[in-house]
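Shown next: coords.tsv, given as TSV, C-alpha atoms.
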```tsv
chain	number	residue	atom	x	y	z
Q	1	MET	CA	-2.21	2.65	-24.36
Q	2	ILE	CA	-0.24	0.93	-21.64
Q	3	LEU	CA	-0.57	1.16	-17.88
Q	4	LYS	CA	2.41	2.93	-16.31
Q	5	ARG	CA	3.76	0.65	-13.61
Q	6	ASN	CA	5.05	2.85	-10.81
Q	7	VAL	CA	6.65	0.92	-7.99
Q	8	SER	CA	5.25	2.56	-4.91
Q	9	LEU	CA	6.98	2.36	-1.54
Q	10	ALA	CA	4.24	0.04	-0.26
Q	11	THR	CA	4.66	-2.30	-3.25
Q	12	ALA	CA	8.44	-2.25	-2.91
Q	13	LEU	CA	8.22	-3.12	0.79
Q	14	ARG	CA	5.94	-6.07	0.01
Q	15	TYR	CA	8.53	-7.69	-2.26
Q	16	LYS	CA	9.67	-10.91	-0.58
Q	17	GLY	CA	13.42	-10.53	-0.81
Q	18	GLN	CA	14.26	-12.37	2.44
Q	19	GLY	CA	17.08	-11.52	4.90
Q	20	PRO	CA	19.36	-9.39	2.72
Q	21	TYR	CA	16.45	-7.24	1.56
Q	22	LEU	CA	15.41	-6.68	5.19
Q	23	THR	CA	18.91	-5.37	5.96
Q	24	TYR	CA	18.70	-3.16	2.84
Q	25	ILE	CA	15.42	-1.63	4.09
Q	26	LEU	CA	16.69	-1.22	7.67
Q	27	HIS	CA	19.85	0.43	6.33
Q	28	ARG	CA	17.71	3.07	4.58
Q	29	ILE	CA	15.56	3.56	7.68
Q	30	GLY	CA	18.79	3.90	9.71
Q	31	GLY	CA	20.13	6.61	7.40
Q	32	LEU	CA	16.81	8.44	7.46
Q	33	GLY	CA	16.63	8.18	11.26
Q	34	MET	CA	20.08	9.72	11.67
Q	35	ALA	CA	19.18	12.53	9.27
Q	36	ILE	CA	16.04	13.22	11.33
Q	37	PHE	CA	18.11	13.25	14.53
Q	38	VAL	CA	20.64	15.73	13.13
Q	39	ALA	CA	17.81	17.91	11.76
Q	40	VAL	CA	15.98	17.92	15.12
Q	41	HIS	CA	19.25	18.70	16.91
Q	42	ILE	CA	20.12	21.62	14.62
Q	43	LEU	CA	16.57	22.99	14.65
Q	44	ALA	CA	16.43	22.82	18.46
Q	45	SER	CA	19.58	24.97	18.71
Q	46	PHE	CA	18.61	27.28	15.86
Q	47	LEU	CA	15.02	27.99	16.84
Q	48	GLY	CA	15.36	28.13	20.62
Q	49	GLY	CA	12.39	29.26	22.69
Q	50	GLU	CA	9.38	27.02	23.20
Q	51	ILE	CA	9.80	25.17	19.91
Q	52	GLY	CA	13.50	24.59	20.64
Q	53	GLY	CA	12.61	23.32	24.10
Q	54	PHE	CA	10.02	20.97	22.63
Q	55	LEU	CA	12.54	19.61	20.10
Q	56	ASN	CA	15.08	19.19	22.91
Q	57	ASP	CA	12.51	17.13	24.80
Q	58	VAL	CA	11.95	15.01	21.69
Q	59	TYR	CA	15.56	14.00	21.19
Q	60	LYS	CA	16.19	13.55	24.89
Q	61	ASN	CA	13.22	11.21	25.14
Q	62	TRP	CA	14.33	7.62	25.89
Q	63	ALA	CA	12.17	6.10	23.15
Q	64	PHE	CA	13.68	8.48	20.58
Q	65	GLN	CA	17.17	7.68	21.88
Q	66	ILE	CA	16.54	3.95	21.50
Q	67	PHE	CA	15.29	4.52	17.94
Q	68	ILE	CA	18.29	6.68	17.05
Q	69	PHE	CA	20.72	4.22	18.60
Q	70	PHE	CA	19.11	1.44	16.56
Q	71	CYS	CA	19.49	3.56	13.40
Q	72	ALA	CA	23.12	4.50	14.04
Q	73	LEU	CA	24.29	1.07	15.18
Q	74	PHE	CA	22.51	-0.89	12.47
Q	75	HIS	CA	23.62	1.55	9.77
Q	76	ALA	CA	27.23	1.27	10.96
Q	77	ILE	CA	27.39	-2.53	11.26
Q	78	ASN	CA	25.47	-3.16	8.05
Q	79	GLY	CA	27.61	-0.60	6.25
Q	80	LEU	CA	30.71	-2.40	7.49
Q	81	ARG	CA	29.37	-5.72	6.18
Q	82	ILE	CA	28.63	-4.23	2.76
Q	83	THR	CA	32.02	-2.52	2.59
Q	84	ILE	CA	33.82	-5.78	3.41
Q	85	LEU	CA	31.79	-7.70	0.82
Q	86	ASP	CA	32.40	-4.98	-1.78
Q	87	LEU	CA	36.16	-5.07	-1.17
Q	88	TRP	CA	36.37	-8.88	-1.18
Q	89	PRO	CA	33.62	-10.07	-3.59
Q	90	LYS	CA	34.65	-13.72	-3.08
Q	91	LEU	CA	33.18	-13.44	0.43
Q	92	LEU	CA	29.75	-12.98	-1.19
Q	93	ASP	CA	29.66	-16.80	-1.38
Q	94	HIS	CA	29.08	-16.53	2.38
Q	95	SER	CA	26.56	-13.70	2.26
Q	96	ARG	CA	24.04	-15.55	4.43
Q	97	GLU	CA	26.63	-16.23	7.14
Q	98	ALA	CA	27.74	-12.58	6.96
Q	99	ILE	CA	24.19	-11.50	7.78
Q	100	TRP	CA	23.97	-13.96	10.68
Q	101	LEU	CA	27.26	-12.54	11.99
Q	102	GLU	CA	25.92	-9.02	11.58
Q	103	TRP	CA	22.85	-9.82	13.71
Q	104	ALA	CA	25.06	-11.66	16.23
Q	105	VAL	CA	27.12	-8.49	16.69
Q	106	PHE	CA	24.19	-6.08	16.52
Q	107	LEU	CA	21.68	-7.69	18.88
Q	108	PRO	CA	23.87	-7.92	22.05
Q	109	LEU	CA	25.25	-4.39	21.53
Q	110	PHE	CA	21.76	-3.00	20.97
Q	111	GLY	CA	20.40	-4.97	23.94
Q	112	ILE	CA	23.06	-3.55	26.27
Q	113	ALA	CA	22.39	-0.03	25.01
Q	114	VAL	CA	18.63	-0.40	25.49
Q	115	PHE	CA	19.25	-1.68	29.02
Q	116	VAL	CA	21.50	1.28	29.86
Q	117	ILE	CA	19.12	3.85	28.31
Q	118	LEU	CA	16.09	2.39	30.06
Q	119	SER	CA	17.74	1.97	33.45
Q	120	THR	CA	19.01	5.57	33.25
Q	121	ALA	CA	15.67	6.96	32.09
Q	122	LEU	CA	13.31	4.93	34.24
Q	123	GLY	CA	15.54	4.12	37.17
Q	124	GLY	CA	15.93	7.76	38.12
R	1	MET	CA	-5.56	-30.73	-4.06
R	2	GLN	CA	-7.45	-27.49	-4.53
R	3	VAL	CA	-5.55	-24.25	-5.09
R	4	THR	CA	-6.65	-20.63	-5.16
R	5	LEU	CA	-5.00	-18.68	-7.94
R	6	LYS	CA	-5.24	-14.89	-7.67
R	7	VAL	CA	-4.18	-13.30	-10.94
R	8	PHE	CA	-3.37	-9.67	-11.78
R	9	ARG	CA	-5.58	-8.58	-14.68
R	10	TYR	CA	-5.43	-5.48	-16.83
R	11	ASN	CA	-6.93	-5.03	-20.28
R	12	PRO	CA	-5.89	-1.67	-21.76
R	13	GLU	CA	-8.92	-1.69	-24.10
R	14	ALA	CA	-11.49	-2.13	-21.34
R	15	ASP	CA	-10.02	-1.34	-17.91
R	16	LYS	CA	-9.11	2.01	-16.39
R	17	SER	CA	-7.08	0.28	-13.72
R	18	PHE	CA	-5.86	-3.20	-12.84
R	19	ARG	CA	-7.85	-5.73	-10.84
R	20	TYR	CA	-7.33	-9.21	-9.43
R	21	GLU	CA	-9.35	-12.28	-10.41
R	22	ILE	CA	-9.49	-15.38	-8.28
R	23	TYR	CA	-9.74	-18.88	-9.74
R	24	THR	CA	-10.19	-22.09	-7.78
R	25	LEU	CA	-8.50	-25.01	-9.52
R	26	GLU	CA	-7.75	-28.69	-9.03
R	27	ALA	CA	-3.99	-29.20	-9.14
R	28	GLU	CA	-1.25	-31.67	-8.35
R	29	GLU	CA	1.56	-30.72	-5.97
R	30	THR	CA	3.98	-31.20	-8.85
R	31	ASP	CA	2.09	-28.89	-11.22
R	32	ARG	CA	3.93	-25.77	-12.24
R	33	ILE	CA	2.39	-22.32	-11.93
R	34	LEU	CA	2.57	-22.16	-15.72
R	35	ASP	CA	0.31	-25.26	-15.84
R	36	LEU	CA	-2.25	-23.43	-13.69
R	37	LEU	CA	-2.16	-20.37	-15.93
R	38	GLU	CA	-2.58	-22.59	-19.01
R	39	LYS	CA	-5.55	-24.24	-17.31
R	40	VAL	CA	-7.20	-20.88	-16.59
R	41	LYS	CA	-6.57	-19.72	-20.16
R	42	GLY	CA	-7.86	-22.99	-21.62
R	43	TYR	CA	-10.91	-23.58	-19.44
R	44	ASN	CA	-11.84	-20.38	-17.57
R	45	ASP	CA	-10.87	-17.27	-19.49
R	46	GLY	CA	-9.20	-17.33	-22.88
R	47	THR	CA	-8.39	-13.62	-22.64
R	48	LEU	CA	-5.78	-14.15	-19.91
R	49	SER	CA	-2.45	-13.02	-21.36
R	50	PHE	CA	1.04	-14.10	-20.37
R	51	ARG	CA	4.30	-14.89	-22.12
R	52	ARG	CA	5.57	-18.44	-22.41
R	53	SER	CA	7.67	-20.26	-24.93
R	54	CYS	CA	9.84	-23.27	-24.08
R	55	ALA	CA	8.15	-23.89	-20.70
R	56	HIS	CA	11.34	-25.56	-19.43
R	57	GLY	CA	13.30	-22.75	-17.80
R	58	VAL	CA	15.48	-22.04	-20.81
R	59	CYS	CA	13.88	-19.22	-22.80
R	60	GLY	CA	13.09	-16.95	-19.82
R	61	SER	CA	9.74	-15.75	-21.21
R	62	ASP	CA	7.53	-16.43	-18.22
R	63	ALA	CA	9.26	-14.52	-15.41
R	64	MET	CA	6.63	-13.05	-13.07
R	65	ARG	CA	5.97	-12.32	-9.42
R	66	ILE	CA	4.64	-15.41	-7.69
R	67	ASN	CA	3.58	-14.89	-4.08
R	68	GLY	CA	5.50	-11.63	-4.00
R	69	ARG	CA	8.79	-12.87	-5.44
R	70	ASN	CA	10.22	-13.07	-8.95
R	71	MET	CA	10.30	-16.58	-10.40
R	72	LEU	CA	9.84	-18.42	-13.69
R	73	ALA	CA	6.27	-19.78	-13.83
R	74	CYS	CA	7.60	-22.89	-15.60
R	75	LYS	CA	10.01	-23.70	-12.75
R	76	ALA	CA	7.87	-22.86	-9.71
R	77	LEU	CA	5.91	-25.86	-8.42
R	78	VAL	CA	2.67	-25.73	-6.44
R	79	ARG	CA	4.31	-27.63	-3.57
R	80	ASP	CA	6.97	-24.90	-3.31
R	81	VAL	CA	4.60	-21.92	-3.21
R	82	GLY	CA	1.57	-23.34	-1.36
R	83	ASP	CA	-2.12	-23.59	-2.22
R	84	LYS	CA	-2.83	-19.85	-2.10
R	85	ILE	CA	-1.00	-18.38	-5.06
R	86	THR	CA	-0.86	-14.78	-6.23
R	87	VAL	CA	0.54	-14.09	-9.67
R	88	GLU	CA	1.51	-10.57	-10.72
R	89	PRO	CA	3.62	-8.98	-13.46
R	90	LEU	CA	7.25	-8.01	-12.96
R	91	LEU	CA	7.82	-4.73	-11.14
R	92	GLY	CA	9.38	-1.61	-12.65
R	93	LEU	CA	8.25	-2.25	-16.24
R	94	LYS	CA	5.00	-0.98	-17.76
R	95	VAL	CA	2.19	-3.50	-17.92
R	96	VAL	CA	0.99	-4.06	-21.49
R	97	LYS	CA	-1.74	-6.58	-20.64
R	98	ASP	CA	-2.33	-8.87	-17.66
R	99	LEU	CA	1.05	-10.49	-16.91
R	100	ILE	CA	2.82	-9.10	-19.96
R	101	VAL	CA	5.20	-6.20	-19.38
R	102	ASP	CA	6.99	-3.94	-21.84
R	103	MET	CA	10.53	-5.32	-21.96
R	104	GLU	CA	11.95	-2.49	-24.10
R	105	PRO	CA	13.63	-0.54	-21.24
R	106	PHE	CA	15.22	-3.80	-20.09
R	107	PHE	CA	16.68	-4.55	-23.53
R	108	ASP	CA	17.65	-0.91	-24.11
R	109	ASN	CA	19.83	-1.13	-20.98
R	110	TYR	CA	21.16	-4.50	-22.07
R	111	LYS	CA	22.32	-3.10	-25.41
R	112	LYS	CA	24.27	-0.30	-23.70
R	113	ILE	CA	26.98	-2.64	-22.43
R	114	LEU	CA	27.85	-3.99	-25.94
R	115	PRO	CA	26.53	-7.53	-25.37
R	116	TYR	CA	28.55	-9.23	-28.10
R	117	PHE	CA	32.03	-10.60	-28.64
R	118	ILE	CA	34.55	-8.00	-29.82
R	119	ASN	CA	37.94	-9.01	-31.20
R	120	ASP	CA	39.32	-7.25	-34.26
R	121	SER	CA	42.74	-8.95	-34.15
R	122	PRO	CA	43.65	-11.19	-37.09
R	123	LEU	CA	42.69	-14.84	-36.72
R	124	PRO	CA	45.36	-17.27	-35.45
R	125	ALA	CA	47.86	-18.50	-38.06
R	126	ASP	CA	45.87	-21.66	-38.66
R	127	GLY	CA	42.76	-19.55	-39.35
R	128	LYS	CA	40.73	-21.54	-36.84
R	129	GLU	CA	39.62	-20.97	-33.25
R	130	ARG	CA	40.82	-18.37	-30.75
R	131	LEU	CA	41.80	-20.82	-28.03
R	132	GLN	CA	41.57	-20.32	-24.27
R	133	SER	CA	42.46	-22.59	-21.37
R	134	PRO	CA	39.81	-24.38	-19.26
R	135	GLU	CA	40.75	-22.01	-16.38
R	136	GLU	CA	40.20	-18.94	-18.58
R	137	ARG	CA	36.83	-20.34	-19.68
R	138	ALA	CA	35.84	-21.15	-16.10
R	139	ARG	CA	36.45	-17.54	-15.07
R	140	PHE	CA	33.18	-16.36	-16.63
R	141	ASP	CA	31.26	-19.64	-16.70
R	142	GLU	CA	28.56	-18.58	-14.23
R	143	THR	CA	27.65	-15.42	-16.12
R	144	THR	CA	27.19	-17.26	-19.43
R	145	LYS	CA	24.06	-18.86	-17.95
R	146	CYS	CA	21.88	-15.73	-18.15
R	147	ILE	CA	18.63	-16.25	-20.11
R	148	LEU	CA	17.53	-12.58	-20.02
R	149	CYS	CA	14.30	-13.34	-18.17
R	150	ALA	CA	14.59	-10.00	-16.29
R	151	ALA	CA	13.76	-11.63	-12.93
R	152	CYS	CA	16.92	-10.09	-11.45
R	153	THR	CA	16.61	-6.59	-12.86
R	154	THR	CA	12.95	-6.26	-11.90
R	155	SER	CA	13.65	-7.41	-8.33
R	156	CYS	CA	16.21	-4.64	-7.84
R	157	PRO	CA	15.12	-1.61	-5.75
R	158	SER	CA	17.53	0.58	-7.71
R	159	PHE	CA	15.78	-0.38	-10.96
R	160	TRP	CA	12.38	0.28	-9.36
R	161	ALA	CA	13.62	3.79	-8.60
R	162	SER	CA	15.03	4.43	-12.08
R	163	ASP	CA	14.77	2.36	-15.24
R	164	GLN	CA	17.85	4.21	-16.47
R	165	TYR	CA	19.91	1.92	-14.19
R	166	TYR	CA	21.45	-0.74	-16.43
R	167	GLY	CA	20.33	-3.41	-13.97
R	168	PRO	CA	21.81	-6.73	-12.85
R	169	ALA	CA	21.15	-8.60	-16.13
R	170	ALA	CA	23.12	-6.08	-18.19
R	171	LEU	CA	25.95	-6.09	-15.65
R	172	VAL	CA	26.04	-9.90	-15.65
R	173	THR	CA	26.48	-9.80	-19.43
R	174	ALA	CA	29.19	-7.16	-19.05
R	175	HIS	CA	30.96	-9.55	-16.65
R	176	ARG	CA	30.61	-12.38	-19.17
R	177	PHE	CA	32.54	-10.42	-21.84
R	178	ILE	CA	34.94	-8.42	-19.64
R	179	PHE	CA	36.32	-11.60	-18.06
R	180	ASP	CA	36.50	-13.48	-21.38
R	181	SER	CA	40.22	-13.69	-22.25
R	182	ARG	CA	39.40	-13.63	-26.00
R	183	ASP	CA	37.42	-10.38	-25.90
R	184	GLU	CA	39.25	-7.09	-26.51
R	185	ALA	CA	36.69	-4.50	-25.38
R	186	ALA	CA	36.99	-4.92	-21.60
R	187	SER	CA	38.23	-1.37	-20.99
R	188	GLU	CA	35.47	0.10	-23.17
R	189	ARG	CA	32.81	-1.85	-21.27
R	190	MET	CA	34.35	-0.96	-17.90
R	191	HIS	CA	34.12	2.69	-18.91
R	192	ILE	CA	30.42	2.21	-19.74
R	193	ILE	CA	29.49	0.41	-16.52
R	194	ALA	CA	31.39	2.97	-14.43
R	195	GLU	CA	28.85	5.62	-15.55
R	196	THR	CA	26.32	6.98	-13.02
R	197	ASP	CA	23.62	4.54	-14.15
R	198	GLY	CA	25.94	1.56	-13.94
R	199	LEU	CA	27.70	-0.12	-11.03
R	200	ALA	CA	27.26	2.82	-8.67
R	201	ARG	CA	23.54	2.13	-8.43
R	202	CYS	CA	24.05	-1.38	-7.04
R	203	HIS	CA	23.51	-1.17	-3.28
R	204	THR	CA	23.95	-4.89	-2.57
R	205	ALA	CA	20.28	-5.56	-1.80
R	206	TYR	CA	20.90	-9.13	-3.05
R	207	ASN	CA	17.34	-9.53	-4.44
R	208	CYS	CA	18.81	-10.26	-7.88
R	209	THR	CA	20.83	-13.25	-6.72
R	210	LEU	CA	17.85	-14.76	-4.90
R	211	ALA	CA	15.53	-14.17	-7.88
R	212	CYS	CA	17.80	-15.64	-10.55
R	213	PRO	CA	16.25	-18.92	-11.84
R	214	ARG	CA	19.69	-19.96	-13.14
R	215	GLU	CA	21.33	-19.45	-9.75
R	216	ILE	CA	23.94	-17.07	-11.11
R	217	PRO	CA	25.83	-15.38	-8.24
R	218	ILE	CA	24.87	-11.98	-9.62
R	219	THR	CA	25.88	-9.82	-6.65
R	220	LYS	CA	29.29	-11.50	-6.64
R	221	ALA	CA	29.71	-10.84	-10.38
R	222	ILE	CA	28.79	-7.19	-9.85
R	223	GLY	CA	31.24	-7.07	-6.91
R	224	GLU	CA	34.00	-8.38	-9.18
R	225	LEU	CA	33.13	-5.70	-11.74
R	226	LYS	CA	33.29	-3.03	-9.02
R	227	MET	CA	36.78	-4.16	-8.04
R	228	ALA	CA	37.87	-4.38	-11.69
R	229	THR	CA	36.75	-0.79	-12.34
R	230	ILE	CA	38.46	0.44	-9.16
R	231	THR	CA	41.78	-1.35	-9.70
R	232	GLY	CA	41.71	-1.34	-13.50
R	233	LYS	CA	42.72	-5.00	-13.41
R	234	VAL	CA	40.71	-7.86	-14.91
R	235	GLU	CA	41.84	-10.97	-13.06
```
Rewrite the structure from the file as structure tokens, please.
Amino acid sequence: MILKRNVSLATALRYKGQGPYLTYILHRIGGLGMAIFVAVHILASFLGGEIGGFLNDVYKNWAFQIFIFFCALFHAINGLRITILDLWPKLLDHSREAIWLEWAVFLPLFGIAVFVILSTALGG
Amino acid sequence: MQVTLKVFRYNPEADKSFRYEIYTLEAEETDRILDLLEKVKGYNDGTLSFRRSCAHGVCGSDAMRINGRNMLACKALVRDVGDKITVEPLLGLKVVKDLIVDMEPFFDNYKKILPYFINDSPLPADGKERLQSPEERARFDETTKCILCAACTTSCPSFWASDQYYGPAALVTAHRFIFDSRDEAASERMHIIAETDGLARCHTAYNCTLACPREIPITKAIGELKMATITGKVE
């Protein structure tokens, strides 16, 4: 009799894999976030009425827009990093620097987008 | 110094589920985690079970999760992990007892990639060695260092999701033979690793490279295999 060792999501998230593992997790969250956005968008058009109106309000909400922009931008930039490293494996010697570069590109772009979304939403 | 050692415990003959036991021990900063486990087994609880053999980072028996990360207990020092230490079995493999996991799925995957030298050509005229240049030998030097401790494979999220995935250790061994100029089964192995449970399941999480106690650039080796299977060229 042996104990079956299922790796739950909570256990997997607790693994201390450092920077690259964080980007791996955020990449999955990004993909899931975009799938949710598309689903909400389609459902809003398909259902219409009060439920459609409610879903419209959800994806037009500034907090949701910031979340979706985070998902899309991070997924795109991280995907680009992985694609480049997959095509030129020798660059994997500089994996750490590639992640720093990724954050250096992501953070200003995301910051500008958050500023624009917030000033549009809250500034009237 | 005093350290707190929290150890994953599971006895299949007595326990319905796992539990953690905490031991407070006197230790030196230069003690290894394996030394602490030996101390617990020798002085606190002789039923504590874990694998160990050479105790010098060569045999790969004592891979386990130490403070949430895969390491060899015989290479991890107290000063590197702190005075609050949690020791757990490797993830993704069934726990047999305490820190011992069932390694069968790991070795089953390893065997799939034909982990042995294949060359059916006649021996050279002098009947001696099949020679290769220092450059040809250097091409796969890194991947010869694998000790099959499973620290890489059991740190991989793709392996946690499916133990059918060959895993980084098997792919590292595939790299070792595919890039060996003397071996003649590169195309056969490339066909095997191009299967659904092979290279395609590597999503570049990089946990394997960081977990490897031999510092093998595993993700890079897998990247080279990906390119070799795409281009059909072993360079």
Next on the checklist: Can you work out which residues from chain Q touch chain R at a cut-off of 10 Å (counting all atoms listed in the file) and hand them back as a count of residues only?
Outcome noted: 36
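Take CA of Leu36 in chain R and CA of Ser53 in chain R: the distance between them is 15.3 Å.
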Checklist entry - Near range 60-67 of chain Q, counting all atoms listed in the file, which residues have an atom at most 12 Å away, once you skip same-chain residues fewer than 2 positions from it, shown as JSON, numbers by chain? => result {"Q": [26, 29, 30, 31, 32, 33, 34, 36, 37, 40, 41, 44, 53, 54, 55, 56, 57, 58, 69, 70, 71, 72, 73, 74, 110, 111, 112, 113, 114, 115, 116, 117, 118, 119, 120, 121, 122, 123]}
Next on the checklist: What's the separation between CA of Val3 in chain R and CA of Thr47 in chain R, in Å to one decimal place?
Outcome noted: 20.7 Å
Checklist entry - What would the list of residues within 9 Å of (-5.7, -10.8, -11.4) (file frame) look like as a ChimeraX atom specification, if all atoms listed in the file are what count? => result /R:5-10,18-22,86-88,98-99
Checklist entry - Looking at all atoms listed in the file, which of R:Ser133, R:Ser49, R:Thr153, R:Asn119 is the one that sits closest to Ala186 in chain R? => result R:Asn119
Next on the checklist: Using all atoms listed in the file, can you tell me which of Q:Ala10, Q:Val105, Q:Ala39, Q:Ala98 comes closest to Tyr59 in chain Q?
Outcome noted: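 Going through Q:Ala10, Q:Val105, Q:Ala39, Q:Ala98 one by one, the smallest distance to Tyr59 in chain Q is for Q:Ala39.
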Checklist entry - Could you state the separation of CA of Thr144 in chain R and CA of Leu171 in chain R in Å, given to one decimal place? => result 11.9 Å
Checklist entry - From the set R:Thr143, R:Ala185, R:Asp197, R:Thr173, which residue has the shortest atom-to-atom contact distance to Ser158 in chain R, counting all atoms listed in the file? => result R:Asp197
Item to check | Distance query 7 Å from (18.3, -4.0, -15.9) using only C-alpha atoms, result as number ranges by chain | outcome: R: 106, 109-110, 153, 159, 165-170
Item to check | Close residues, Glu235 in chain R itself excluded, 10 Å, all atoms listed in the file, min 3 positions apart in chain, as a ChimeraX atom specification | outcome: /R:136,139,178-179,181,224,227-228,232
Checklist entry - Hey, which of R:Lys112, R:Leu131, R:Asp180, R:Thr231 ends up closest to Ile192 in chain R? Count all atoms listed in the file. => result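 Counting all atoms listed in the file, the residue closest to Ile192 in chain R is R:Lys112.
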Item to check | Pick from R:Thr24, R:Ala138, R:His56, R:Val234, whichever lies nearest to Tyr43 in chain R using only C-alpha atoms | outcome: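 Smallest separation from Tyr43 in chain R among the options: R:Thr24.
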